[in-house]
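Novice: mmCIF, C-alpha atoms and all ligand atoms, file entry10.cif:
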```cif
data_target
#
loop_
_atom_site.label_atom_id
_atom_site.label_comp_id
_atom_site.auth_asym_id
_atom_site.auth_seq_id
_atom_site.Cartn_x
_atom_site.Cartn_y
_atom_site.Cartn_z
CA VAL A 57 -16.83 -13.50 15.71
CA LYS A 58 -14.50 -15.60 13.60
CA SER A 59 -11.23 -13.75 12.93
CA PHE A 60 -7.89 -14.43 11.23
CA ALA A 61 -5.19 -13.13 13.54
CA MET A 62 -1.53 -12.73 14.31
CA LYS A 63 -1.30 -14.91 17.42
CA GLU A 64 2.26 -13.78 18.04
CA VAL A 65 5.29 -12.87 15.95
CA GLY A 66 5.65 -15.65 13.37
CA GLU A 67 2.27 -17.30 13.96
CA VAL A 68 -1.15 -16.74 12.38
CA GLY A 69 -4.45 -18.60 12.72
CA TRP A 70 -8.20 -18.43 13.27
CA ILE A 71 -9.47 -17.18 16.62
CA GLU A 72 -12.81 -16.18 18.14
CA LYS A 73 -13.04 -12.64 19.44
CA PRO A 74 -16.06 -10.69 20.69
CA LYS A 75 -17.95 -8.60 18.14
CA PRO A 76 -16.60 -5.03 18.36
CA ASP A 77 -18.74 -2.25 19.86
CA CYS A 78 -19.92 0.53 17.56
CA GLY A 79 -19.25 4.02 18.94
CA PRO A 80 -21.54 6.98 18.09
CA TYR A 81 -19.46 8.10 15.08
CA ASP A 82 -18.45 4.61 13.99
CA ALA A 83 -19.63 1.73 11.82
CA LEU A 84 -19.55 -2.05 11.90
CA ILE A 85 -18.90 -3.67 8.57
CA ARG A 86 -19.22 -7.11 7.02
CA PRO A 87 -16.41 -7.69 4.52
CA LEU A 88 -17.37 -8.38 0.89
CA ALA A 89 -13.81 -8.48 -0.48
CA VAL A 90 -10.48 -8.33 1.31
CA ALA A 91 -6.82 -8.73 0.41
CA PRO A 92 -3.61 -9.43 2.27
CA CYS A 93 -0.72 -6.97 1.91
CA THR A 94 3.04 -7.44 1.86
CA SER A 95 3.03 -5.25 4.98
CA ASP A 96 1.03 -7.92 6.86
CA ILE A 97 3.89 -10.30 6.13
CA HIS A 98 6.47 -7.85 7.53
CA THR A 99 4.28 -7.34 10.59
CA VAL A 100 3.81 -11.05 11.31
CA TYR A 101 7.03 -12.70 10.26
CA SER A 102 9.60 -9.97 10.95
CA GLY A 103 7.79 -8.52 13.94
CA ALA A 104 8.49 -5.16 12.27
CA ILE A 105 6.14 -3.15 14.50
CA GLY A 106 6.74 -5.26 17.58
CA GLU A 107 4.88 -8.09 19.29
CA ARG A 108 1.11 -8.32 18.82
CA ASN A 109 -0.98 -11.02 20.48
CA ASN A 110 -4.22 -12.22 18.90
CA MET A 111 -4.39 -9.06 16.81
CA VAL A 112 -6.82 -9.52 13.92
CA LEU A 113 -4.97 -8.99 10.63
CA GLY A 114 -5.91 -7.23 7.40
CA HIS A 115 -6.28 -3.61 6.29
CA GLU A 116 -7.66 -3.83 2.75
CA ALA A 117 -11.44 -4.20 2.50
CA VAL A 118 -14.64 -3.38 0.71
CA GLY A 119 -17.71 -4.20 2.74
CA GLU A 120 -21.34 -3.71 3.63
CA ILE A 121 -22.35 -1.69 6.66
CA VAL A 122 -24.28 -3.65 9.27
CA GLU A 123 -24.56 -0.98 11.96
CA THR A 124 -23.81 2.72 12.40
CA GLY A 125 -23.58 4.93 15.48
CA ASP A 126 -26.29 7.57 15.99
CA LYS A 127 -23.98 10.46 15.02
CA VAL A 128 -23.14 9.01 11.60
CA GLU A 129 -24.78 11.15 8.90
CA ASP A 130 -23.89 9.92 5.42
CA PHE A 131 -23.86 6.15 5.80
CA ALA A 132 -26.42 3.56 6.86
CA ALA A 133 -26.78 -0.19 7.25
CA GLY A 134 -26.81 -1.89 3.86
CA ASP A 135 -24.48 0.65 2.17
CA LYS A 136 -21.53 -0.80 0.29
CA VAL A 137 -18.34 1.03 1.18
CA ILE A 138 -14.63 1.32 0.45
CA VAL A 139 -12.57 1.10 3.64
CA PRO A 140 -9.14 2.72 3.33
CA ALA A 141 -6.13 1.05 4.94
CA ILE A 142 -5.49 4.26 6.86
CA THR A 143 -8.38 5.28 9.14
CA PRO A 144 -7.06 8.02 11.42
CA ASP A 145 -8.68 9.71 14.37
CA TRP A 146 -9.79 12.91 12.63
CA HIS A 147 -10.44 14.56 15.99
CA SER A 148 -6.78 14.53 16.96
CA ARG A 149 -4.92 17.86 17.01
CA ASP A 150 -2.00 16.07 15.36
CA ILE A 151 -3.90 16.27 12.07
CA GLN A 152 -3.05 19.98 12.02
CA ASP A 153 0.68 19.68 12.51
CA ARG A 154 1.85 16.30 11.30
CA GLY A 155 -0.66 14.97 8.82
CA HIS A 156 -3.44 12.46 9.24
CA GLN A 157 -1.18 9.42 8.86
CA HIS A 158 0.44 10.36 12.16
CA SER A 159 -2.54 11.50 14.18
CA GLY A 160 -2.19 10.15 17.70
CA GLY A 161 1.52 9.46 17.18
CA MET A 162 3.88 8.36 14.42
CA LEU A 163 2.09 5.93 12.06
CA GLN A 164 -0.96 5.80 14.34
CA GLY A 165 -3.30 6.65 11.46
CA PHE A 166 -2.52 3.08 10.45
CA ARG A 167 -4.95 1.53 12.91
CA PHE A 168 -6.03 -1.81 11.43
CA ALA A 169 -3.84 -4.67 12.64
CA ASN A 170 -1.57 -2.17 14.33
CA VAL A 171 -3.40 -0.31 17.11
CA LYS A 172 -6.68 -2.22 16.81
CA ASP A 173 -8.13 -5.31 15.15
CA GLY A 174 -8.07 -5.47 11.38
CA VAL A 175 -10.58 -6.44 8.71
CA PHE A 176 -10.05 -10.22 8.41
CA ARG A 177 -13.16 -11.14 10.39
CA GLU A 178 -16.89 -11.64 10.05
CA VAL A 179 -17.59 -8.12 11.30
CA PHE A 180 -15.06 -5.34 11.79
CA HIS A 181 -15.10 -1.84 13.27
CA VAL A 182 -14.31 1.48 11.55
CA ASN A 183 -13.94 4.66 13.58
CA GLN A 184 -15.49 7.92 12.35
CA ALA A 185 -17.46 6.48 9.46
CA ASP A 186 -18.28 9.83 7.83
CA LEU A 187 -14.59 10.61 7.43
CA ASN A 188 -13.11 7.15 6.98
CA LEU A 189 -15.49 5.47 4.53
CA ALA A 190 -16.40 6.16 0.92
CA HIS A 191 -19.48 4.93 -0.91
CA LEU A 192 -18.71 2.25 -3.46
CA SER A 193 -19.65 3.73 -6.82
CA PRO A 194 -21.81 1.39 -8.93
CA GLU A 195 -19.57 2.40 -11.84
CA ILE A 196 -16.53 0.57 -10.50
CA SER A 197 -15.94 -3.08 -9.71
CA MET A 198 -15.51 -4.37 -6.19
CA GLU A 199 -12.03 -5.64 -7.14
CA SER A 200 -10.87 -2.26 -8.40
CA ALA A 201 -12.32 -0.60 -5.31
CA LEU A 202 -10.39 -3.02 -3.13
CA MET A 203 -7.14 -2.05 -4.83
CA LEU A 204 -7.80 1.63 -4.04
CA THR A 205 -7.68 1.03 -0.28
CA ASP A 206 -3.92 0.48 -0.19
CA MET A 207 -2.14 -0.38 -3.47
CA VAL A 208 -3.38 2.60 -5.46
CA THR A 209 -3.19 5.18 -2.68
CA THR A 210 0.35 4.00 -1.86
CA GLY A 211 1.67 3.94 -5.41
CA MET A 212 0.13 7.36 -6.08
CA HIS A 213 1.65 8.68 -2.88
CA GLY A 214 5.07 7.67 -4.16
CA VAL A 215 4.39 9.85 -7.19
CA GLU A 216 3.17 12.74 -5.03
CA LEU A 217 6.19 12.59 -2.71
CA ALA A 218 8.55 12.46 -5.67
CA GLU A 219 6.69 15.40 -7.27
CA ILE A 220 6.78 13.83 -10.69
CA GLY A 221 5.87 16.25 -13.45
CA ASN A 222 5.79 16.60 -17.21
CA GLY A 223 8.75 15.10 -18.99
CA ASP A 224 10.43 13.76 -15.85
CA THR A 225 12.46 10.60 -16.14
CA VAL A 226 11.64 8.09 -13.43
CA VAL A 227 12.94 4.84 -11.98
CA VAL A 228 10.57 2.62 -10.04
CA LEU A 229 12.56 0.14 -7.97
CA GLY A 230 10.27 -2.83 -7.39
CA ILE A 231 7.18 -3.66 -9.45
CA GLY A 232 4.93 -5.60 -7.16
CA PRO A 233 1.42 -4.13 -6.88
CA VAL A 234 2.72 -0.99 -5.12
CA GLY A 235 5.44 -0.28 -7.70
CA LEU A 236 2.97 -0.96 -10.52
CA MET A 237 0.58 1.67 -9.19
CA ALA A 238 3.52 4.06 -8.88
CA ILE A 239 4.23 3.47 -12.57
CA ALA A 240 0.60 4.13 -13.44
CA GLY A 241 0.66 7.30 -11.34
CA ALA A 242 3.92 8.49 -12.89
CA ALA A 243 2.45 8.03 -16.35
CA ILE A 244 -0.72 9.92 -15.40
CA ASN A 245 1.44 12.74 -13.99
CA GLY A 246 3.37 13.16 -17.24
CA ALA A 247 6.58 11.18 -16.75
CA SER A 248 8.47 10.60 -19.98
CA ARG A 249 10.81 7.64 -19.59
CA ILE A 250 9.82 5.16 -16.88
CA PHE A 251 12.29 2.44 -15.88
CA ALA A 252 10.70 -0.48 -14.04
CA VAL A 253 12.97 -2.71 -11.97
CA GLY A 254 11.83 -6.23 -11.14
CA SER A 255 12.08 -9.81 -12.34
CA ARG A 256 8.68 -11.55 -12.20
CA GLN A 257 7.40 -11.82 -15.79
CA VAL A 258 3.77 -11.28 -14.75
CA CYS A 259 4.77 -7.97 -13.16
CA VAL A 260 6.77 -6.92 -16.20
CA GLU A 261 3.72 -7.50 -18.42
CA ALA A 262 1.58 -5.43 -16.06
CA ALA A 263 4.24 -2.71 -15.92
CA LYS A 264 4.05 -2.38 -19.72
CA ARG A 265 0.32 -1.97 -19.52
CA TYR A 266 0.63 0.73 -16.84
CA GLY A 267 3.27 2.83 -18.61
CA MET A 268 6.78 1.36 -18.25
CA THR A 269 9.07 2.29 -21.13
CA ASP A 270 12.18 0.31 -20.07
CA HIS A 271 12.46 -2.91 -18.11
CA ILE A 272 15.49 -3.64 -15.93
CA ASN A 273 15.98 -7.05 -14.29
CA TYR A 274 18.03 -6.60 -11.13
CA ARG A 275 18.94 -10.28 -11.30
CA ASP A 276 20.76 -9.75 -14.61
CA GLY A 277 23.40 -7.44 -13.14
CA ASP A 278 23.81 -4.26 -11.16
CA THR A 279 20.65 -2.15 -11.49
CA VAL A 280 22.46 1.19 -11.45
CA GLU A 281 24.95 0.10 -14.12
CA GLN A 282 22.19 -1.23 -16.35
CA ILE A 283 20.22 2.00 -16.13
CA MET A 284 23.27 4.25 -16.56
CA GLU A 285 24.20 2.29 -19.68
CA SER A 286 20.90 3.13 -21.30
CA THR A 287 20.92 6.81 -20.29
CA ASP A 288 24.56 7.50 -21.25
CA GLY A 289 25.42 7.93 -17.60
CA LYS A 290 22.74 10.50 -16.84
CA GLU A 291 20.80 10.12 -13.60
CA VAL A 292 16.99 10.35 -13.58
CA ASP A 293 14.83 13.11 -12.13
CA CYS A 294 12.92 10.96 -9.66
CA THR A 295 13.19 7.53 -8.12
CA ILE A 296 10.38 5.70 -6.36
CA VAL A 297 11.41 2.88 -4.05
CA ALA A 298 8.80 0.11 -3.92
CA GLY A 299 10.89 -2.97 -3.31
CA GLY A 300 14.36 -4.26 -2.53
CA GLY A 301 16.33 -4.93 0.61
CA GLN A 302 17.74 -2.95 3.46
CA ASP A 303 20.29 -1.11 1.24
CA ILE A 304 17.96 -0.18 -1.63
CA LEU A 305 18.12 3.56 -0.80
CA LYS A 306 21.77 3.47 -1.84
CA GLN A 307 20.73 2.61 -5.35
CA ALA A 308 18.03 5.26 -5.30
CA VAL A 309 20.60 7.94 -4.40
CA GLU A 310 23.00 6.74 -7.08
CA LEU A 311 20.24 6.77 -9.69
CA THR A 312 18.85 10.24 -8.96
CA ARG A 313 20.32 13.52 -10.25
CA PRO A 314 21.40 16.34 -7.94
CA GLY A 315 18.27 18.31 -7.14
CA GLY A 316 16.13 15.26 -7.84
CA THR A 317 13.71 13.50 -5.57
CA ILE A 318 13.57 10.03 -4.07
CA SER A 319 10.39 8.74 -2.55
CA ASN A 320 10.35 5.61 -0.45
CA LEU A 321 7.30 3.40 0.00
CA VAL A 322 9.04 0.30 1.36
CA TYR A 323 8.22 -0.85 4.86
CA PHE A 324 11.76 -1.67 6.03
CA ASP A 325 11.49 -4.52 8.47
CA GLU A 326 14.98 -5.21 9.75
CA GLY A 327 18.19 -3.58 10.87
CA LYS A 328 18.71 -0.54 13.07
CA GLU A 329 20.06 1.73 10.35
CA LEU A 330 19.58 2.31 6.65
CA PRO A 331 22.76 2.97 4.65
CA LEU A 332 23.27 5.94 2.31
CA PRO A 333 26.21 6.41 -0.07
CA ARG A 334 28.23 9.44 1.04
CA PHE A 335 29.89 10.36 -2.26
CA GLU A 336 26.78 9.96 -4.45
CA TRP A 337 24.81 11.98 -1.92
CA GLY A 338 27.23 14.81 -2.64
CA ASN A 339 28.88 14.30 0.75
CA GLY A 340 25.53 15.45 2.09
CA MET A 341 25.21 18.43 -0.25
CA ALA A 342 23.62 17.09 -3.43
CA HIS A 343 20.08 18.33 -2.86
CA LYS A 344 18.91 14.81 -3.51
CA ASP A 345 15.75 14.92 -1.48
CA ILE A 346 14.81 11.65 0.23
CA ARG A 347 11.20 11.33 1.37
CA GLY A 348 9.15 8.46 2.61
CA GLY A 349 5.60 8.12 3.72
CA LEU A 350 2.67 6.06 4.75
CA CYS A 351 -0.15 6.16 2.22
CA PRO A 352 -2.98 8.67 2.72
CA GLY A 353 -6.36 7.35 3.82
CA GLY A 354 -9.71 8.88 4.58
CA ARG A 355 -12.91 9.42 2.65
CA VAL A 356 -11.94 12.17 0.21
CA ARG A 357 -8.81 10.30 -0.89
CA MET A 358 -10.90 7.20 -1.68
CA GLU A 359 -13.52 9.26 -3.52
CA LYS A 360 -10.85 10.89 -5.67
CA LEU A 361 -9.07 7.63 -6.50
CA SER A 362 -12.43 6.09 -7.25
CA ARG A 363 -13.02 8.78 -9.86
CA LEU A 364 -9.73 7.90 -11.55
CA VAL A 365 -11.18 4.44 -12.12
CA GLU A 366 -14.67 5.65 -12.96
CA TYR A 367 -13.42 7.96 -15.73
CA GLY A 368 -11.10 5.40 -17.25
CA ARG A 369 -7.71 6.84 -16.24
CA LEU A 370 -6.73 3.78 -14.26
CA ASP A 371 -7.73 0.14 -14.14
CA PRO A 372 -6.19 -1.37 -11.01
CA SER A 373 -7.99 -4.68 -11.49
CA HIS A 374 -5.09 -5.93 -13.63
CA LEU A 375 -3.12 -6.31 -10.41
CA ILE A 376 -5.30 -9.23 -9.37
CA THR A 377 -3.93 -12.60 -10.39
CA HIS A 378 -5.39 -14.92 -7.75
CA ARG A 379 -8.95 -15.14 -6.42
CA LEU A 380 -10.09 -17.07 -3.36
CA TYR A 381 -13.62 -17.42 -2.03
CA GLY A 382 -15.29 -17.32 1.36
CA LEU A 383 -13.92 -16.03 4.66
CA GLU A 384 -11.80 -19.19 4.94
CA GLY A 385 -10.02 -18.16 1.72
CA ILE A 386 -8.14 -15.57 3.78
CA GLU A 387 -5.85 -18.24 5.15
CA ASP A 388 -4.77 -19.39 1.68
CA ALA A 389 -4.45 -15.84 0.41
CA PHE A 390 -2.18 -15.06 3.33
CA LYS A 391 -0.05 -18.11 2.57
CA LEU A 392 0.23 -17.00 -1.04
CA MET A 393 1.34 -13.56 0.08
CA LYS A 394 4.05 -15.10 2.20
CA GLU A 395 5.29 -17.42 -0.54
CA LYS A 396 4.92 -14.96 -3.46
CA PRO A 397 4.68 -17.46 -6.31
CA ARG A 398 6.27 -16.06 -9.45
CA ASP A 399 2.96 -15.89 -11.33
CA MET A 400 1.31 -13.75 -8.66
CA ILE A 401 0.89 -10.02 -8.31
CA LYS A 402 -1.98 -9.70 -5.85
CA PRO A 403 -4.43 -12.23 -4.40
CA VAL A 404 -7.93 -11.22 -3.30
CA VAL A 405 -10.62 -12.96 -1.30
CA MET A 406 -14.25 -12.57 -2.33
CA VAL A 407 -16.05 -13.13 0.94
P1 LIG B 501 6.16 -7.14 -3.65
O1 LIG B 501 6.93 -8.05 -2.79
O2 LIG B 501 4.99 -7.69 -4.40
O3 LIG B 501 7.13 -6.45 -4.71
C1 LIG B 501 8.45 -6.14 -4.44
C2 LIG B 501 9.14 -5.80 -5.73
O4 LIG B 501 10.50 -5.48 -5.46
C3 LIG B 501 9.18 -6.93 -6.74
O5 LIG B 501 8.99 -6.40 -8.03
C4 LIG B 501 10.57 -7.48 -6.59
O6 LIG B 501 11.05 -8.12 -7.76
C5 LIG B 501 11.33 -6.19 -6.36
N1 LIG B 501 12.66 -6.35 -5.81
C6 LIG B 501 13.11 -7.25 -4.90
N2 LIG B 501 14.43 -7.08 -4.68
C7 LIG B 501 14.81 -6.05 -5.46
C8 LIG B 501 16.06 -5.40 -5.68
N3 LIG B 501 17.16 -5.77 -5.05
N4 LIG B 501 16.08 -4.37 -6.55
C9 LIG B 501 14.97 -3.97 -7.18
N5 LIG B 501 13.77 -4.56 -7.04
C10 LIG B 501 13.70 -5.58 -6.17
O7 LIG B 501 5.70 -5.93 -2.71
P2 LIG B 501 4.45 -4.92 -2.76
O8 LIG B 501 4.40 -4.25 -4.07
O9 LIG B 501 3.24 -5.62 -2.27
O10 LIG B 501 4.89 -3.89 -1.62
C11 LIG B 501 6.09 -3.13 -1.76
C12 LIG B 501 6.48 -2.49 -0.44
O11 LIG B 501 5.55 -1.48 -0.10
C13 LIG B 501 6.50 -3.45 0.75
O12 LIG B 501 7.64 -3.17 1.55
C14 LIG B 501 5.24 -3.11 1.48
O13 LIG B 501 5.29 -3.47 2.83
C15 LIG B 501 5.22 -1.62 1.28
N6 LIG B 501 3.94 -0.94 1.49
C16 LIG B 501 4.02 0.34 1.93
C17 LIG B 501 2.89 1.10 2.12
C18 LIG B 501 3.03 2.53 2.49
O14 LIG B 501 2.03 3.12 2.89
N7 LIG B 501 4.18 3.17 2.38
C19 LIG B 501 1.56 0.53 1.92
C20 LIG B 501 1.58 -0.80 1.34
C21 LIG B 501 2.74 -1.51 1.17
P3 LIG B 501 10.64 -9.61 -8.23
O15 LIG B 501 9.94 -9.39 -9.53
O16 LIG B 501 11.94 -10.33 -8.37
O17 LIG B 501 9.76 -10.21 -7.18
ZN ZN B 502 -0.79 -2.51 3.20
#
```
Kindly present the structure from the file in structure tokens form.
Ligand code: NDP
Ligand code: ZN
Specialist:
Amino acid sequence: VKSFAMKEVGEVGWIEKPKPDCGPYDALIRPLAVAPCTSDIHTVYSGAIGERNNMVLGHEAVGEIVETGDKVEDFAAGDKVIVPAITPDWHSRDIQDRGHQHSGGMLQGFRFANVKDGVFREVFHVNQADLNLAHLSPEISMESALMLTDMVTTGMHGVELAEIGNGDTVVVLGIGPVGLMAIAGAAINGASRIFAVGSRQVCVEAAKRYGMTDHINYRDGDTVEQIMESTDGKEVDCTIVAGGGQDILKQAVELTRPGGTISNLVYFDEGKELPLPRFEWGNGMAHKDIRGGLCPGGRVRMEKLSRLVEYGRLDPSHLITHRLYGLEGIEDAFKLMKEKPRDMIKPVVMV
């Protein structure tokens, strides 16, 4: 079947690959809507997870089931489903001691375009359908559902890792689609003041809509100085890192109070080490907790996030600025993701 793949580090293109087999617990799915992710760009152009040859790309999809294995109970051909970016092996013992994102090894819950072919193809495979798919509710749009698969679950995870609670002050470093969903999650969780750091005007407008109270443009001067000026030198309770370069954790440590929490969502794609500022980290004793994690996947997560949309708490469709059509549209969407035009937040492809 026709597939859009990483041919090798630095090169993408269309290839033909055999239709995947459907195991007894699995499903084969025809994509209805897909989107590229900034992570695909790190994977292809920085070779961040290593060399991959003719690996089909893509991990954000809503689709229609075309075939299920004979052990699948709750799904059948014709069902429209949300396919989370993270589709772990729920039979692995690792689930019990390291979390589903790392079942089968560190980051191995992230299977699409990492350990197996992704969703950018005419038909793709999902393991353990009953645990890795969620029914698409007729109450929510396909576009919103597509944003749940990765952008929403990731942004919300930043909020969960940072343990944001009522009245907390928050900085979100980076306001692409991931940072924007972190802002929305922080607001839902009761954050008071929410600083959003970024420069693209379209993202700033969206940040306002999702709950930003203060905008900081990192291109106008030092981010930490700008924030400290408006807080009279007081650090914030929590910082979520959703953008920036190799040394962005330094700023996060400087911005966060002793006892506060930093959660990282960035997929760092270069360098052997990540720098931390010794003094601001209390010479190692500041109780500034640094956490980082891959977004949760699985059926229940998608069902819960879907309810946030269904009951009007969140409208992730405002992330979508560019729409392409047909399977072939994937190539242009991927190019857009690489180039990041300044009027773009997230492109989607309606297959
Ligand atoms: P984008 O590239 O769309 O957004 C990045 C944001 O960071 C932009 O707002 C950009 O500003 C801002 N930025 C750039 N440099 C700085 C800086 N020096 N200081 C502060 N802000 C800066 O990315 P996405 O939102 O799509 O993804 C964010 C990250 O999350 C990526 O690394 C991605 O790979 C990762 N990711 C992680 C997942 C996980 O499970 N943990 C899942 C999905 C994605 P500007 O307005 O100037 O562009
Ligand atoms: Zn992603």
Novice: Identify, on the basis of all atoms listed in the file, every residue whose closest approach to region 267-275 of chain A does not exceed 6 Å; exclude the query and any residue fewer than 6 positions from it along the same chain; express the result as a ChimeraX atom specification.
Specialist: /A:240,243,249-255
Novice: Please report the interatomic distance between CA of Lys344 (chain A) and CA of Thr295 (chain A) in Å with one decimal.
Specialist: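 If I compute the distance from CA of Lys344 (chain A) to CA of Thr295 (chain A), I get 10.3 Å.
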Novice: Give as a list in words the residues surrounding ligand ZN 502 (chain B) up to a distance of 6 Å, considering only C-alpha atoms and all ligand atoms.
Specialist: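 So the residues close to ligand ZN 502 (chain B) are Cys93, Ser95 and Asp206 of chain A.
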Novice: Can I get the selected residues back with C-alpha atoms, as a compact mmCIF listing (two decimals), keeping the file's coordinate frame?
Specialist:
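Generated file (selection01.txt):
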```txt
# COMPACT_ATOMS: atom_id res chain seq x y z
CA CYS A 93 -0.72 -6.97 1.91
CA SER A 95 3.03 -5.25 4.98
CA ASP A 206 -3.92 0.48 -0.19
```
Novice: Given the choices A:Thr94, A:Ser197, A:Gln164, A:Asn170, which gets closest to Gly299 (chain A) if the distance is worked out from all atoms listed in the file?
Specialist: A:Thr94
Novice: Check every protein, DNA and RNA residue against ligand LIG 501 (chain B), keep those with an atom at most 7 Å away (counting only C-alpha atoms and all ligand atoms), and present them as a ChimeraX atom specification.
Specialist: /A:93-95,98,206-207,210,229-235,253-256,259,274,298-301,304,321-324,349-351,401
Novice: How about saving the chosen residues, C-alpha atoms kept, as a PDB file, in the frame of the given file?
Specialist:
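Result saved to out.pdb:
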```
ATOM      1  CA  CYS A  93      -0.720  -6.970   1.910  1.00  0.00           C
ATOM      2  CA  THR A  94       3.040  -7.440   1.860  1.00  0.00           C
ATOM      3  CA  SER A  95       3.030  -5.250   4.980  1.00  0.00           C
ATOM      4  CA  HIS A  98       6.470  -7.850   7.530  1.00  0.00           C
ATOM      5  CA  ASP A 206      -3.920   0.480  -0.190  1.00  0.00           C
ATOM      6  CA  MET A 207      -2.140  -0.380  -3.470  1.00  0.00           C
ATOM      7  CA  THR A 210       0.350   4.000  -1.860  1.00  0.00           C
ATOM      8  CA  LEU A 229      12.560   0.140  -7.970  1.00  0.00           C
ATOM      9  CA  GLY A 230      10.270  -2.830  -7.390  1.00  0.00           C
ATOM     10  CA  ILE A 231       7.180  -3.660  -9.450  1.00  0.00           C
ATOM     11  CA  GLY A 232       4.930  -5.600  -7.160  1.00  0.00           C
ATOM     12  CA  PRO A 233       1.420  -4.130  -6.880  1.00  0.00           C
ATOM     13  CA  VAL A 234       2.720  -0.990  -5.120  1.00  0.00           C
ATOM     14  CA  GLY A 235       5.440  -0.280  -7.700  1.00  0.00           C
ATOM     15  CA  VAL A 253      12.970  -2.710 -11.970  1.00  0.00           C
ATOM     16  CA  GLY A 254      11.830  -6.230 -11.140  1.00  0.00           C
ATOM     17  CA  SER A 255      12.080  -9.810 -12.340  1.00  0.00           C
ATOM     18  CA  ARG A 256       8.680 -11.550 -12.200  1.00  0.00           C
ATOM     19  CA  CYS A 259       4.770  -7.970 -13.160  1.00  0.00           C
ATOM     20  CA  TYR A 274      18.030  -6.600 -11.130  1.00  0.00           C
ATOM     21  CA  ALA A 298       8.800   0.110  -3.920  1.00  0.00           C
ATOM     22  CA  GLY A 299      10.890  -2.970  -3.310  1.00  0.00           C
ATOM     23  CA  GLY A 300      14.360  -4.260  -2.530  1.00  0.00           C
ATOM     24  CA  GLY A 301      16.330  -4.930   0.610  1.00  0.00           C
ATOM     25  CA  ILE A 304      17.960  -0.180  -1.630  1.00  0.00           C
ATOM     26  CA  LEU A 321       7.300   3.400   0.000  1.00  0.00           C
ATOM     27  CA  VAL A 322       9.040   0.300   1.360  1.00  0.00           C
ATOM     28  CA  TYR A 323       8.220  -0.850   4.860  1.00  0.00           C
ATOM     29  CA  PHE A 324      11.760  -1.670   6.030  1.00  0.00           C
ATOM     30  CA  GLY A 349       5.600   8.120   3.720  1.00  0.00           C
ATOM     31  CA  LEU A 350       2.670   6.060   4.750  1.00  0.00           C
ATOM     32  CA  CYS A 351      -0.150   6.160   2.220  1.00  0.00           C
ATOM     33  CA  ILE A 401       0.890 -10.020  -8.310  1.00  0.00           C
TER      34      ILE A 401
END
```
